Amino acid sequence: MADQEVEDALAHSFLARLPPEVGDELRAEGERADYPAGTTVYRAGAAPQAALVVRGLLRVFLTSAEGRQVTVRYARPGDVLGIAVLVGGPASTSVQAVGPSSAFRISARTLIAAARRDPRVSWAIAEELNRRLYEVLEQTAVNAFGSVRQRVAAHLLDLASDRQRPGGRLVAHVSQQELADAAGSVREVVARALRDLRVAGIVATAADSVVILDPARLYAESGGPAGL
């Protein structure tokens, strides 16, 4: 029986642009995997893998020699992880499930073989890598030139919008230390940024969670110098 969630994710991914026979082969050889919140899905340096995000939110991050982490990407349903490592080999990034998540594992062997024999597949992969490059450039601008307050605001929006239920509040279930890791800062600086946002009436804070009271203003806070 077809997995409708997988089919929906495929339809919203670049894989939908592949020749039908390649898509059918990937479906036949792939498998779905479910991950509890906090699970490390991929460790830096591991064998190259590719996966389509089906449900939830996955965080791609780098870890320094001192153990600090910085988030470089969030992947939502329809996003494909691992295309770059299929082309260039193992990367220094790791992937973690932010909340309960599911992914559809893609056969690296099948996708690479298809790219080598069919220029349509190669071009689709090139377009996906180009899209990812532009996203990285935008994120780099925020990370490099944005304030800690801007990076915290962007991270809170990412987390809260993914978990919002119809008619429900925007709530980011995250600790100050986790925010610091994501923003590439330290807890004390992040605590000050949260205090400023709270005083401004943009968020309300509780133990290990932040309620977003004014999404529009928080979005404005997250914009980098280039208007990102």
# chains A, B, ... in the order shown; residues from 1 in each chain; ligands from 1

call {"tool": "residues_around", "arguments": {"residues": "A:Gly45", "least_positions_apart": "5", "cutoff": "6 Å", "atoms": "only C-alpha atoms", "output": "JSON, numbers by chain"}}
result
{"A": [90, 91, 92]}

call {"tool": "residues_around", "arguments": {"residues": "A:Arg149", "least_positions_apart": "4", "cutoff": "8 Å", "atoms": "only C-alpha atoms", "output": "PyMOL selection string"}}
result
chain A and resi 153+190+193-194+221-222

call {"tool": "write_last_selection", "arguments": {"atoms": "all heavy atoms", "output": "JSON list (two decimals), in the first residue's frame"}}
result
[["chain", "number", "residue", "atom", "x", "y", "z"],
["A", 153, "ALA", "N", 15.50, 35.24, 16.96],
["A", 153, "ALA", "CA", 14.15, 35.43, 16.43],
["A", 153, "ALA", "C", 13.87, 34.47, 15.28],
["A", 153, "ALA", "O", 12.80, 33.85, 15.21],
["A", 153, "ALA", "CB", 13.98, 36.88, 15.97],
["A", 190, "VAL", "N", 21.93, 35.07, 24.90],
["A", 190, "VAL", "CA", 20.60, 34.70, 24.44],
["A", 190, "VAL", "C", 19.54, 35.08, 25.47],
["A", 190, "VAL", "O", 18.44, 35.53, 25.11],
["A", 190, "VAL", "CB", 20.54, 33.20, 24.13],
["A", 190, "VAL", "CG1", 19.11, 32.72, 23.97],
["A", 190, "VAL", "CG2", 21.32, 32.90, 22.85],
["A", 193, "ALA", "N", 18.71, 38.63, 24.96],
["A", 193, "ALA", "CA", 17.90, 38.82, 23.76],
["A", 193, "ALA", "C", 16.45, 38.44, 24.03],
["A", 193, "ALA", "O", 15.52, 39.15, 23.61],
["A", 193, "ALA", "CB", 18.47, 38.00, 22.61],
["A", 194, "LEU", "N", 16.23, 37.33, 24.72],
["A", 194, "LEU", "CA", 14.87, 36.92, 25.06],
["A", 194, "LEU", "C", 14.20, 37.93, 25.98],
["A", 194, "LEU", "O", 13.00, 38.22, 25.84],
["A", 194, "LEU", "CB", 14.89, 35.54, 25.73],
["A", 194, "LEU", "CG", 15.10, 34.33, 24.82],
["A", 194, "LEU", "CD1", 15.24, 33.07, 25.66],
["A", 194, "LEU", "CD2", 13.95, 34.19, 23.84],
["A", 221, "GLU", "N", 12.00, 41.26, 13.48],
["A", 221, "GLU", "CA", 13.24, 41.18, 14.28],
["A", 221, "GLU", "C", 14.25, 40.23, 13.65],
["A", 221, "GLU", "O", 15.45, 40.39, 13.82],
["A", 221, "GLU", "CB", 12.90, 40.68, 15.70],
["A", 221, "GLU", "CG", 12.14, 41.64, 16.55],
["A", 221, "GLU", "CD", 12.99, 42.80, 17.08],
["A", 221, "GLU", "OE1", 14.24, 42.69, 16.97],
["A", 221, "GLU", "OE2", 12.42, 43.77, 17.58],
["A", 222, "SER", "N", 13.78, 39.23, 12.91],
["A", 222, "SER", "CA", 14.69, 38.22, 12.36],
["A", 222, "SER", "C", 15.34, 38.66, 11.06],
["A", 222, "SER", "O", 16.27, 37.99, 10.59],
["A", 222, "SER", "CB", 13.93, 36.91, 12.10],
["A", 222, "SER", "OG", 13.05, 37.04, 11.00]]

call {"tool": "select_by_dssp", "arguments": {"residues": "stretch 22-133 of chain A", "states": "strand (DSSP E or B)", "output": "VMD selection string"}}
result
chain A and resid 31 to 35 40 to 42 50 to 55 58 to 63 69 to 75 80 to 81 93 to 97 101 to 106

call {"tool": "closest_residue", "arguments": {"among": "A:Ala114, A:Ile106, A:Leu157, A:Ala200", "to": "A:Pro20", "atoms": "only C-alpha atoms"}}
result
A:Ala114

call {"tool": "residues_around", "arguments": {"residues": "A:Ala97", "least_positions_apart": "5", "cutoff": "9 Å", "atoms": "only C-alpha atoms", "output": "MDAnalysis selection string"}}
result
chainID A and resid 35:41 56:59 102

call {"tool": "residues_around", "arguments": {"residues": "A:Val174", "least_positions_apart": "3", "cutoff": "9 Å", "atoms": "only C-alpha atoms", "output": "PyMOL selection string"}}
result
chain A and resi 156+159+177-179+207-210

call {"tool": "write_last_selection", "arguments": {"atoms": "C-alpha atoms", "output": "mmCIF file, in the first residue's frame"}}
result
data_model
loop_
_atom_site.group_PDB
_atom_site.id
_atom_site.type_symbol
_atom_site.label_atom_id
_atom_site.label_comp_id
_atom_site.auth_asym_id
_atom_site.auth_seq_id
_atom_site.Cartn_x
_atom_site.Cartn_y
_atom_site.Cartn_z
ATOM 1 C CA LEU A 156 12.146 30.721 17.338
ATOM 2 C CA LEU A 159 10.627 25.967 15.598
ATOM 3 C CA GLN A 177 21.056 26.618 25.930
ATOM 4 C CA GLU A 178 19.534 25.049 22.815
ATOM 5 C CA LEU A 179 18.843 28.539 21.465
ATOM 6 C CA ALA A 207 10.497 26.859 31.402
ATOM 7 C CA ASP A 208 11.941 25.365 28.184
ATOM 8 C CA SER A 209 9.419 27.122 25.934
ATOM 9 C CA VAL A 210 8.798 30.491 24.303
#

call {"tool": "closest_residue", "arguments": {"among": "A:Arg55, A:Arg198, A:Ala191, A:Arg217", "to": "A:Pro100", "atoms": "only C-alpha atoms"}}
result
A:Arg55

call {"tool": "closest_residue", "arguments": {"among": "A:Glu138, A:Glu127, A:Asp214, A:Glu31", "to": "A:Leu15", "atoms": "only C-alpha atoms"}}
result
A:Glu127
